[in-house]
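K.L.:
Please find work_14.pdb (PDB, C-alpha atoms) on the next line:
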```pdb
ATOM      1  CA  MET A   1      34.184  23.671 -74.998
ATOM      2  CA  LEU A   2      36.669  24.206 -72.244
ATOM      3  CA  LYS A   3      34.509  27.039 -71.025
ATOM      4  CA  ARG A   4      31.547  24.716 -70.862
ATOM      5  CA  CYS A   5      33.459  22.427 -68.597
ATOM      6  CA  VAL A   6      34.596  25.226 -66.463
ATOM      7  CA  LEU A   7      31.032  26.199 -66.100
ATOM      8  CA  PHE A   8      30.142  22.780 -64.807
ATOM      9  CA  VAL A   9      33.051  23.100 -62.428
ATOM     10  CA  LEU A  10      31.365  26.062 -60.653
ATOM     11  CA  LEU A  11      28.187  24.427 -59.502
ATOM     12  CA  VAL A  12      27.398  25.026 -55.827
ATOM     13  CA  GLN A  13      25.378  25.901 -52.705
ATOM     14  CA  LEU A  14      22.204  25.923 -50.722
ATOM     15  CA  ILE A  15      21.586  29.120 -48.854
ATOM     16  CA  ASP A  16      18.057  30.311 -48.346
ATOM     17  CA  LYS A  17      17.685  34.060 -48.850
ATOM     18  CA  SER A  18      21.033  34.981 -47.272
ATOM     19  CA  LEU A  19      23.992  36.342 -49.195
ATOM     20  CA  ALA A  20      25.782  33.459 -50.909
ATOM     21  CA  VAL A  21      29.541  33.239 -50.894
ATOM     22  CA  VAL A  22      31.757  30.844 -52.785
ATOM     23  CA  ARG A  23      35.523  30.547 -52.374
ATOM     24  CA  PHE A  24      37.568  28.735 -55.037
ATOM     25  CA  GLU A  25      41.096  27.391 -54.450
ATOM     26  CA  ASN A  26      43.608  24.739 -55.531
ATOM     27  CA  LEU A  27      42.876  24.999 -59.240
ATOM     28  CA  LYS A  28      44.763  22.544 -61.457
ATOM     29  CA  TYR A  29      44.186  22.109 -65.180
ATOM     30  CA  GLU A  30      45.594  20.553 -68.317
ATOM     31  CA  LEU A  31      44.734  21.481 -71.904
ATOM     32  CA  ASN A  32      45.491  19.277 -74.917
ATOM     33  CA  LYS A  33      47.903  21.542 -76.809
ATOM     34  CA  ASP A  34      47.015  19.844 -80.114
ATOM     35  CA  TYR A  35      43.491  21.246 -79.736
ATOM     36  CA  MET A  36      43.658  24.349 -77.574
ATOM     37  CA  HIS A  37      45.724  26.810 -75.593
ATOM     38  CA  GLY A  38      44.836  29.400 -72.985
ATOM     39  CA  ASN A  39      44.128  29.734 -69.296
ATOM     40  CA  ILE A  40      41.639  28.717 -66.645
ATOM     41  CA  PHE A  41      41.801  30.921 -63.574
ATOM     42  CA  ILE A  42      40.318  32.053 -60.268
ATOM     43  CA  LYS A  43      39.844  35.732 -59.442
ATOM     44  CA  SER A  44      39.425  37.175 -55.979
ATOM     45  CA  GLN A  45      38.495  40.767 -55.305
ATOM     46  CA  ASN A  46      37.077  42.078 -52.021
ATOM     47  CA  ASP A  47      36.241  38.516 -50.901
ATOM     48  CA  LYS A  48      34.264  37.877 -54.101
ATOM     49  CA  TYR A  49      35.568  34.835 -55.947
ATOM     50  CA  SER A  50      34.919  34.024 -59.583
ATOM     51  CA  PHE A  51      36.012  31.400 -62.039
ATOM     52  CA  GLY A  52      37.051  32.109 -65.594
ATOM     53  CA  ALA A  53      38.610  30.769 -68.766
ATOM     54  CA  ASP A  54      40.073  32.236 -71.919
ATOM     55  CA  VAL A  55      40.847  29.496 -74.417
ATOM     56  CA  GLU A  56      41.582  29.422 -78.127
ATOM     57  CA  LEU A  57      40.322  26.294 -79.881
ATOM     58  CA  ALA A  58      42.671  25.508 -82.796
ATOM     59  CA  LYS A  59      40.582  22.949 -84.704
ATOM     60  CA  LYS A  60      36.974  21.918 -85.114
ATOM     61  CA  VAL A  61      35.733  19.321 -82.609
ATOM     62  CA  GLU A  62      32.831  17.117 -83.673
ATOM     63  CA  GLY A  63      31.788  13.488 -83.372
ATOM     64  CA  SER A  64      31.256  12.837 -79.671
ATOM     65  CA  VAL A  65      32.471  15.046 -76.850
ATOM     66  CA  ILE A  66      31.980  13.461 -73.451
ATOM     67  CA  ILE A  67      32.047  15.809 -70.471
ATOM     68  CA  THR A  68      32.429  14.149 -67.075
ATOM     69  CA  PRO A  69      31.775  16.361 -64.043
ATOM     70  CA  HIS A  70      32.630  14.741 -60.708
ATOM     71  CA  VAL A  71      31.558  16.725 -57.635
ATOM     72  CA  GLN A  72      32.171  15.594 -54.079
ATOM     73  CA  HIS A  73      30.896  17.139 -50.822
ATOM     74  CA  LEU A  74      32.857  16.910 -47.556
ATOM     75  CA  VAL A  75      30.597  15.486 -44.813
ATOM     76  CA  LYS A  76      31.993  14.515 -41.389
ATOM     77  CA  GLY A  77      35.555  14.310 -42.686
ATOM     78  CA  GLU A  78      34.768  12.219 -45.793
ATOM     79  CA  TYR A  79      34.047  13.233 -49.377
ATOM     80  CA  HIS A  80      30.780  11.913 -50.808
ATOM     81  CA  THR A  81      29.949  11.969 -54.530
ATOM     82  CA  MET A  82      27.045  14.215 -55.528
ATOM     83  CA  VAL A  83      27.550  14.161 -59.306
ATOM     84  CA  ASN A  84      29.536  11.745 -61.482
ATOM     85  CA  ILE A  85      28.081  11.375 -64.971
ATOM     86  CA  ASP A  86      29.132  11.253 -68.613
ATOM     87  CA  LEU A  87      27.350  13.739 -70.869
ATOM     88  CA  ASP A  88      27.727  13.671 -74.655
ATOM     89  CA  THR A  89      27.349  17.313 -75.613
ATOM     90  CA  CYS A  90      26.931  16.347 -79.268
ATOM     91  CA  LYS A  91      23.750  14.457 -78.401
ATOM     92  CA  VAL A  92      22.300  16.213 -75.344
ATOM     93  CA  ASP A  93      22.212  19.911 -74.560
ATOM     94  CA  PRO A  94      23.483  20.179 -70.951
ATOM     95  CA  VAL A  95      20.652  22.659 -70.314
ATOM     96  CA  MET A  96      18.298  19.704 -70.884
ATOM     97  CA  SER A  97      20.246  17.172 -68.768
ATOM     98  CA  GLU A  98      18.242  14.750 -66.635
ATOM     99  CA  ASN A  99      20.550  15.586 -63.709
ATOM    100  CA  ALA A 100      19.084  18.625 -61.906
ATOM    101  CA  ILE A 101      22.461  19.923 -60.711
ATOM    102  CA  VAL A 102      24.064  19.675 -64.168
ATOM    103  CA  ARG A 103      20.978  21.213 -65.804
ATOM    104  CA  THR A 104      20.904  24.139 -63.366
ATOM    105  CA  ILE A 105      24.637  24.806 -63.665
ATOM    106  CA  ALA A 106      24.386  24.745 -67.455
ATOM    107  CA  LYS A 107      21.490  27.227 -67.431
ATOM    108  CA  GLU A 108      23.284  29.488 -64.958
ATOM    109  CA  SER A 109      26.539  29.347 -66.922
ATOM    110  CA  THR A 110      24.986  30.672 -70.116
ATOM    111  CA  LYS A 111      25.042  34.130 -68.484
ATOM    112  CA  PHE A 112      28.851  34.031 -68.427
ATOM    113  CA  ILE A 113      29.902  32.426 -71.741
ATOM    114  CA  ASN A 114      30.298  33.401 -75.393
ATOM    115  CA  PHE A 115      29.665  29.937 -76.890
ATOM    116  CA  SER A 116      27.093  27.178 -77.239
ATOM    117  CA  LEU A 117      27.239  24.286 -74.796
ATOM    118  CA  MET A 118      26.534  21.830 -77.634
ATOM    119  CA  CYS A 119      28.966  20.656 -80.275
ATOM    120  CA  PRO A 120      30.294  20.969 -82.871
ATOM    121  CA  TYR A 121      32.892  23.354 -81.497
ATOM    122  CA  ASN A 122      34.436  25.515 -84.171
ATOM    123  CA  PRO A 123      37.906  27.055 -83.977
ATOM    124  CA  GLY A 124      37.923  30.355 -82.112
ATOM    125  CA  ARG A 125      38.124  32.047 -78.752
ATOM    126  CA  TYR A 126      35.985  30.613 -75.940
ATOM    127  CA  LEU A 127      35.386  32.757 -72.850
ATOM    128  CA  LEU A 128      33.967  32.110 -69.405
ATOM    129  CA  ASN A 129      33.677  35.547 -67.825
ATOM    130  CA  ASP A 130      33.781  35.711 -64.024
ATOM    131  CA  PHE A 131      31.389  32.875 -63.191
ATOM    132  CA  THR A 132      30.220  33.222 -59.592
ATOM    133  CA  LEU A 133      27.138  32.677 -57.501
ATOM    134  CA  ASP A 134      24.917  35.242 -55.869
ATOM    135  CA  SER A 135      22.034  34.944 -53.419
ATOM    136  CA  GLU A 136      19.526  34.577 -56.287
ATOM    137  CA  SER A 137      21.241  31.595 -57.917
ATOM    138  CA  PRO A 138      18.943  28.564 -58.342
ATOM    139  CA  LEU A 139      21.950  26.376 -57.468
ATOM    140  CA  LEU A 140      21.635  27.506 -53.881
ATOM    141  CA  LYS A 141      18.484  25.435 -53.549
ATOM    142  CA  LEU A 142      20.250  22.266 -54.747
ATOM    143  CA  ILE A 143      23.633  22.226 -53.034
ATOM    144  CA  PRO A 144      24.245  22.751 -49.288
ATOM    145  CA  ASN A 145      26.909  24.898 -47.679
ATOM    146  CA  GLY A 146      30.229  23.179 -47.151
ATOM    147  CA  LYS A 147      33.476  22.136 -48.803
ATOM    148  CA  TYR A 148      33.626  20.494 -52.215
ATOM    149  CA  LYS A 149      36.008  19.011 -54.755
ATOM    150  CA  MET A 150      35.144  19.354 -58.424
ATOM    151  CA  GLU A 151      36.831  17.633 -61.321
ATOM    152  CA  LEU A 152      35.841  18.086 -64.937
ATOM    153  CA  LYS A 153      37.154  16.086 -67.872
ATOM    154  CA  ALA A 154      36.376  16.360 -71.579
ATOM    155  CA  HIS A 155      37.172  13.611 -74.077
ATOM    156  CA  HIS A 156      36.705  13.682 -77.837
ATOM    157  CA  TYR A 157      35.728  10.616 -79.876
ATOM    158  CA  PRO A 158      36.146  11.717 -83.526
ATOM    159  CA  THR A 159      34.410   8.590 -84.874
ATOM    160  CA  PRO A 160      32.351   5.811 -83.296
ATOM    161  CA  GLY A 161      34.672   3.274 -81.709
ATOM    162  CA  SER A 162      37.737   5.540 -81.830
ATOM    163  CA  ALA A 163      40.034   5.890 -78.839
ATOM    164  CA  PRO A 164      39.226   8.889 -76.629
ATOM    165  CA  ILE A 165      41.334  12.026 -76.951
ATOM    166  CA  MET A 166      41.611  14.085 -73.776
ATOM    167  CA  LEU A 167      40.691  17.692 -74.614
ATOM    168  CA  PHE A 168      41.067  19.137 -71.140
ATOM    169  CA  MET A 169      40.709  18.372 -67.478
ATOM    170  CA  TYR A 170      40.635  20.507 -64.400
ATOM    171  CA  SER A 171      40.007  20.251 -60.701
ATOM    172  CA  VAL A 172      39.156  22.886 -58.150
ATOM    173  CA  ASP A 173      38.203  22.948 -54.485
ATOM    174  CA  PHE A 174      35.467  25.303 -53.394
ATOM    175  CA  GLU A 175      33.563  26.241 -50.290
ATOM    176  CA  LEU A 176      30.021  27.545 -50.059
ATOM    177  CA  TYR A 177      28.877  29.516 -47.049
ATOM    178  CA  ALA A 178      26.598  32.338 -45.956
ATOM    179  CA  ALA A 179      28.308  35.688 -45.664
ATOM    180  CA  ALA A 180      28.168  37.553 -42.395
ATOM    181  CA  SER A 181      25.727  40.419 -42.713
TER
END
```
Taking this structure as input, can you express it in the form of structure tokens?
P.N.:
Amino acid sequence: MLKRCVLFVLLVQLIDKSLAVVRFENLKYELNKDYMHGNIFIKSQNDKYSFGADVELAKKVEGSVIITPHVQHLVKGEYHTMVNIDLDTCKVDPVMSENAIVRTIAKESTKFINFSLMCPYNPGRYLLNDFTLDSESPLLKLIPNGKYKMELKAHHYPTPGSAPIMLFMYSVDFELYAAAS
């Protein structure tokens, strides 16, 4: 589940046919230790940035799991919201989301994960392996170059009407730009 969120975190960029580059920084995250433990991380090698997660889920998560991606784009010194929705992954497959950005990120992320984006989430190891963007990514047609802030939260509602339980949250800044040829 955490991986799913991380995946949503990585959405980004509009660059025609040029080489796409994404730079991640300022990652902060919190995992609910009653449910999971592990790491969310950024890798950088030869100016290629990727986003990853390695998390062990300790107990089954079912009922409702609400994922809330919040993405903001810096325009003329101010951040403007591009995405801010609640998605119940026990009712809607993110790959089928009505939001084009969320849908595209979900589809793209399936190349990098070892789990289903829909609940229930069974105990086990969840991996997001080196999520990045390349010049062929469909996301490049949806999101312009620039600086962004991304925050992702996941809350579990075990039964209808129950109080939400925070599963995880993370935030990351990223920049999308065309690489010099």
K.L.:
Report as a CSV table (one decimal) with C-alpha atoms, in the frame of the given file the full result of the PyMOL selection byres ((chain A and resi 76-79) around 12) when it is applied to this structure.
P.N.:
```csv
chain,number,residue,atom,x,y,z
A,70,HIS,CA,32.6,14.7,-60.7
A,71,VAL,CA,31.6,16.7,-57.6
A,72,GLN,CA,32.2,15.6,-54.1
A,73,HIS,CA,30.9,17.1,-50.8
A,74,LEU,CA,32.9,16.9,-47.6
A,75,VAL,CA,30.6,15.5,-44.8
A,80,HIS,CA,30.8,11.9,-50.8
A,81,THR,CA,29.9,12.0,-54.5
A,82,MET,CA,27.0,14.2,-55.5
A,83,VAL,CA,27.6,14.2,-59.3
A,146,GLY,CA,30.2,23.2,-47.2
A,147,LYS,CA,33.5,22.1,-48.8
A,148,TYR,CA,33.6,20.5,-52.2
A,149,LYS,CA,36.0,19.0,-54.8
A,150,MET,CA,35.1,19.4,-58.4
A,173,ASP,CA,38.2,22.9,-54.5
```
K.L.:
Please indicate the distance in Å from CA of Glu175 in chain A to CA of Ile101 in chain A, rounded to one decimal place.
P.N.:
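Interatomic distance, CA of Glu175 in chain A to CA of Ile101 in chain A: 16.5 Å.
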K.L.:
Using all atoms listed in the file, I'd like a table of the residues in range 125-151 of chain A that come within 10 Å of range 47-65 of chain A; for each, show the closest atom pair and its distance in Å rounded to one decimal, ordered by chain and ascending number, as CSV.
P.N.:
```
residue,atom,partner,partner_atom,distance
A:Arg125,CA,A:Glu56,CA,4.4
A:Tyr126,CA,A:Val55,CA,5.2
A:Leu127,CA,A:Asp54,CA,4.8
A:Leu128,CA,A:Ala53,CA,4.9
A:Asn129,CA,A:Gly52,CA,5.3
A:Asp130,CA,A:Ser50,CA,4.9
A:Phe131,CA,A:Phe51,CA,5.0
A:Thr132,CA,A:Ser50,CA,4.8
A:Leu133,CA,A:Ser50,CA,8.2
A:Asp134,CA,A:Lys48,CA,9.9
```
K.L.:
To one decimal in Å, tell me the separation between CA of Leu139 in chain A and CA of Val102 in chain A.
P.N.:
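Straight-line distance from CA of Leu139 in chain A to CA of Val102 in chain A works out to 9.7 Å.
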K.L.:
Please compute the CA of His155 in chain A-CA of Asn32 in chain A distance, one decimal, in Å.
P.N.:
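Answer for the CA of His155 in chain A to CA of Asn32 in chain A separation: 10.1 Å.
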K.L.:
Please determine, counting all atoms listed in the file, which residue among A:Met96, A:Leu176, A:Leu142, A:Leu152 has the shortest atom-to-atom distance to Asn84 in chain A.
P.N.:
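Of A:Met96, A:Leu176, A:Leu142, A:Leu152, the one nearest Asn84 in chain A is A:Leu152, counting all atoms listed in the file.
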K.L.:
Of the residues A:Ser171, A:Ile67, A:Val22, A:Ser162, which is the one nearest to Ile143 in chain A, using all atoms listed in the file?
P.N.:
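Comparing A:Ser171, A:Ile67, A:Val22, A:Ser162 against Ile143 in chain A, the winner is A:Val22.
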K.L.:
Which is closest to Tyr177 in chain A among A:Ala106, A:Ala154, A:Ala163, A:Val21, if we use only C-alpha atoms?
P.N.:
A:Val21
K.L.:
Name the closest residue to Asp93 in chain A among the candidates A:Phe41, A:Tyr170, A:Leu31, A:Ile66; distances are taken between atoms, counting all atoms listed in the file.
P.N.:
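When distances to Asp93 in chain A are compared using all atoms listed in the file, the smallest one comes from A:Ile66.
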K.L.:
Rank nothing, just name the residue among A:Phe24, A:Val92, A:His37, A:Lys153 nearest to Met166 in chain A, using all atoms listed in the file.
P.N.:
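Distance minimum relative to Met166 in chain A lands on A:Lys153.
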K.L.:
Looking at A:Leu27, A:Pro69, A:Pro158, A:Cys90, which one is nearest to Cys119 in chain A, with distances taken over only C-alpha atoms?
P.N.:
A:Cys90
K.L.:
Model the absent atoms of range 111-127 of chain A so that N, CA, C and O atoms are present, and write the result as a PDB file, in the frame of the given file.
P.N.:
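Contents of out35.pdb, freshly written:
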```pdb
ATOM      1  N   LYS A 111      24.926  32.681 -68.744  1.00  0.00           N
ATOM      2  CA  LYS A 111      25.042  34.130 -68.484  1.00  0.00           C
ATOM      3  C   LYS A 111      26.489  34.608 -68.594  1.00  0.00           C
ATOM      4  O   LYS A 111      26.741  35.803 -68.697  1.00  0.00           O
ATOM      5  N   PHE A 112      27.444  33.668 -68.545  1.00  0.00           N
ATOM      6  CA  PHE A 112      28.851  34.031 -68.427  1.00  0.00           C
ATOM      7  C   PHE A 112      29.706  33.591 -69.612  1.00  0.00           C
ATOM      8  O   PHE A 112      30.915  33.780 -69.586  1.00  0.00           O
ATOM      9  N   ILE A 113      29.109  32.996 -70.647  1.00  0.00           N
ATOM     10  CA  ILE A 113      29.902  32.426 -71.741  1.00  0.00           C
ATOM     11  C   ILE A 113      29.577  33.056 -73.091  1.00  0.00           C
ATOM     12  O   ILE A 113      28.524  33.646 -73.266  1.00  0.00           O
ATOM     13  N   ASN A 114      30.488  32.875 -74.039  1.00  0.00           N
ATOM     14  CA  ASN A 114      30.298  33.401 -75.393  1.00  0.00           C
ATOM     15  C   ASN A 114      30.166  32.269 -76.425  1.00  0.00           C
ATOM     16  O   ASN A 114      30.463  32.458 -77.588  1.00  0.00           O
ATOM     17  N   PHE A 115      29.721  31.089 -75.998  1.00  0.00           N
ATOM     18  CA  PHE A 115      29.665  29.937 -76.890  1.00  0.00           C
ATOM     19  C   PHE A 115      28.484  29.051 -76.538  1.00  0.00           C
ATOM     20  O   PHE A 115      27.911  29.155 -75.464  1.00  0.00           O
ATOM     21  N   SER A 116      28.147  28.160 -77.456  1.00  0.00           N
ATOM     22  CA  SER A 116      27.093  27.178 -77.239  1.00  0.00           C
ATOM     23  C   SER A 116      27.643  26.019 -76.428  1.00  0.00           C
ATOM     24  O   SER A 116      28.806  25.638 -76.571  1.00  0.00           O
ATOM     25  N   LEU A 117      26.815  25.438 -75.581  1.00  0.00           N
ATOM     26  CA  LEU A 117      27.239  24.286 -74.796  1.00  0.00           C
ATOM     27  C   LEU A 117      27.202  22.992 -75.612  1.00  0.00           C
ATOM     28  O   LEU A 117      27.696  21.966 -75.162  1.00  0.00           O
ATOM     29  N   MET A 118      26.614  23.031 -76.788  1.00  0.00           N
ATOM     30  CA  MET A 118      26.534  21.830 -77.634  1.00  0.00           C
ATOM     31  C   MET A 118      27.557  21.896 -78.761  1.00  0.00           C
ATOM     32  O   MET A 118      27.890  22.964 -79.246  1.00  0.00           O
ATOM     33  N   CYS A 119      28.029  20.705 -79.163  1.00  0.00           N
ATOM     34  CA  CYS A 119      28.966  20.656 -80.275  1.00  0.00           C
ATOM     35  C   CYS A 119      28.186  20.693 -81.593  1.00  0.00           C
ATOM     36  O   CYS A 119      26.959  20.549 -81.561  1.00  0.00           O
ATOM     37  N   PRO A 120      28.841  20.930 -82.725  1.00  0.00           N
ATOM     38  CA  PRO A 120      30.294  20.969 -82.871  1.00  0.00           C
ATOM     39  C   PRO A 120      30.875  22.265 -82.310  1.00  0.00           C
ATOM     40  O   PRO A 120      30.176  23.270 -82.173  1.00  0.00           O
ATOM     41  N   TYR A 121      32.158  22.190 -82.001  1.00  0.00           N
ATOM     42  CA  TYR A 121      32.892  23.354 -81.497  1.00  0.00           C
ATOM     43  C   TYR A 121      33.856  23.792 -82.585  1.00  0.00           C
ATOM     44  O   TYR A 121      34.768  23.064 -82.951  1.00  0.00           O
ATOM     45  N   ASN A 122      33.616  24.981 -83.093  1.00  0.00           N
ATOM     46  CA  ASN A 122      34.436  25.515 -84.171  1.00  0.00           C
ATOM     47  C   ASN A 122      35.661  26.223 -83.627  1.00  0.00           C
ATOM     48  O   ASN A 122      35.642  26.702 -82.482  1.00  0.00           O
ATOM     49  N   PRO A 123      36.727  26.319 -84.431  1.00  0.00           N
ATOM     50  CA  PRO A 123      37.906  27.055 -83.977  1.00  0.00           C
ATOM     51  C   PRO A 123      37.521  28.480 -83.587  1.00  0.00           C
ATOM     52  O   PRO A 123      36.628  29.081 -84.181  1.00  0.00           O
ATOM     53  N   GLY A 124      38.183  28.990 -82.564  1.00  0.00           N
ATOM     54  CA  GLY A 124      37.923  30.355 -82.112  1.00  0.00           C
ATOM     55  C   GLY A 124      38.189  30.509 -80.630  1.00  0.00           C
ATOM     56  O   GLY A 124      38.647  29.580 -79.956  1.00  0.00           O
ATOM     57  N   ARG A 125      37.883  31.691 -80.154  1.00  0.00           N
ATOM     58  CA  ARG A 125      38.124  32.047 -78.752  1.00  0.00           C
ATOM     59  C   ARG A 125      36.880  31.752 -77.924  1.00  0.00           C
ATOM     60  O   ARG A 125      35.787  32.221 -78.245  1.00  0.00           O
ATOM     61  N   TYR A 126      37.065  30.993 -76.844  1.00  0.00           N
ATOM     62  CA  TYR A 126      35.985  30.613 -75.940  1.00  0.00           C
ATOM     63  C   TYR A 126      36.233  31.270 -74.578  1.00  0.00           C
ATOM     64  O   TYR A 126      37.308  31.100 -73.999  1.00  0.00           O
ATOM     65  N   LEU A 127      35.229  32.002 -74.089  1.00  0.00           N
ATOM     66  CA  LEU A 127      35.386  32.757 -72.850  1.00  0.00           C
ATOM     67  C   LEU A 127      34.354  32.345 -71.808  1.00  0.00           C
ATOM     68  O   LEU A 127      33.174  32.167 -72.123  1.00  0.00           O
TER      69      LEU A 127
END
```
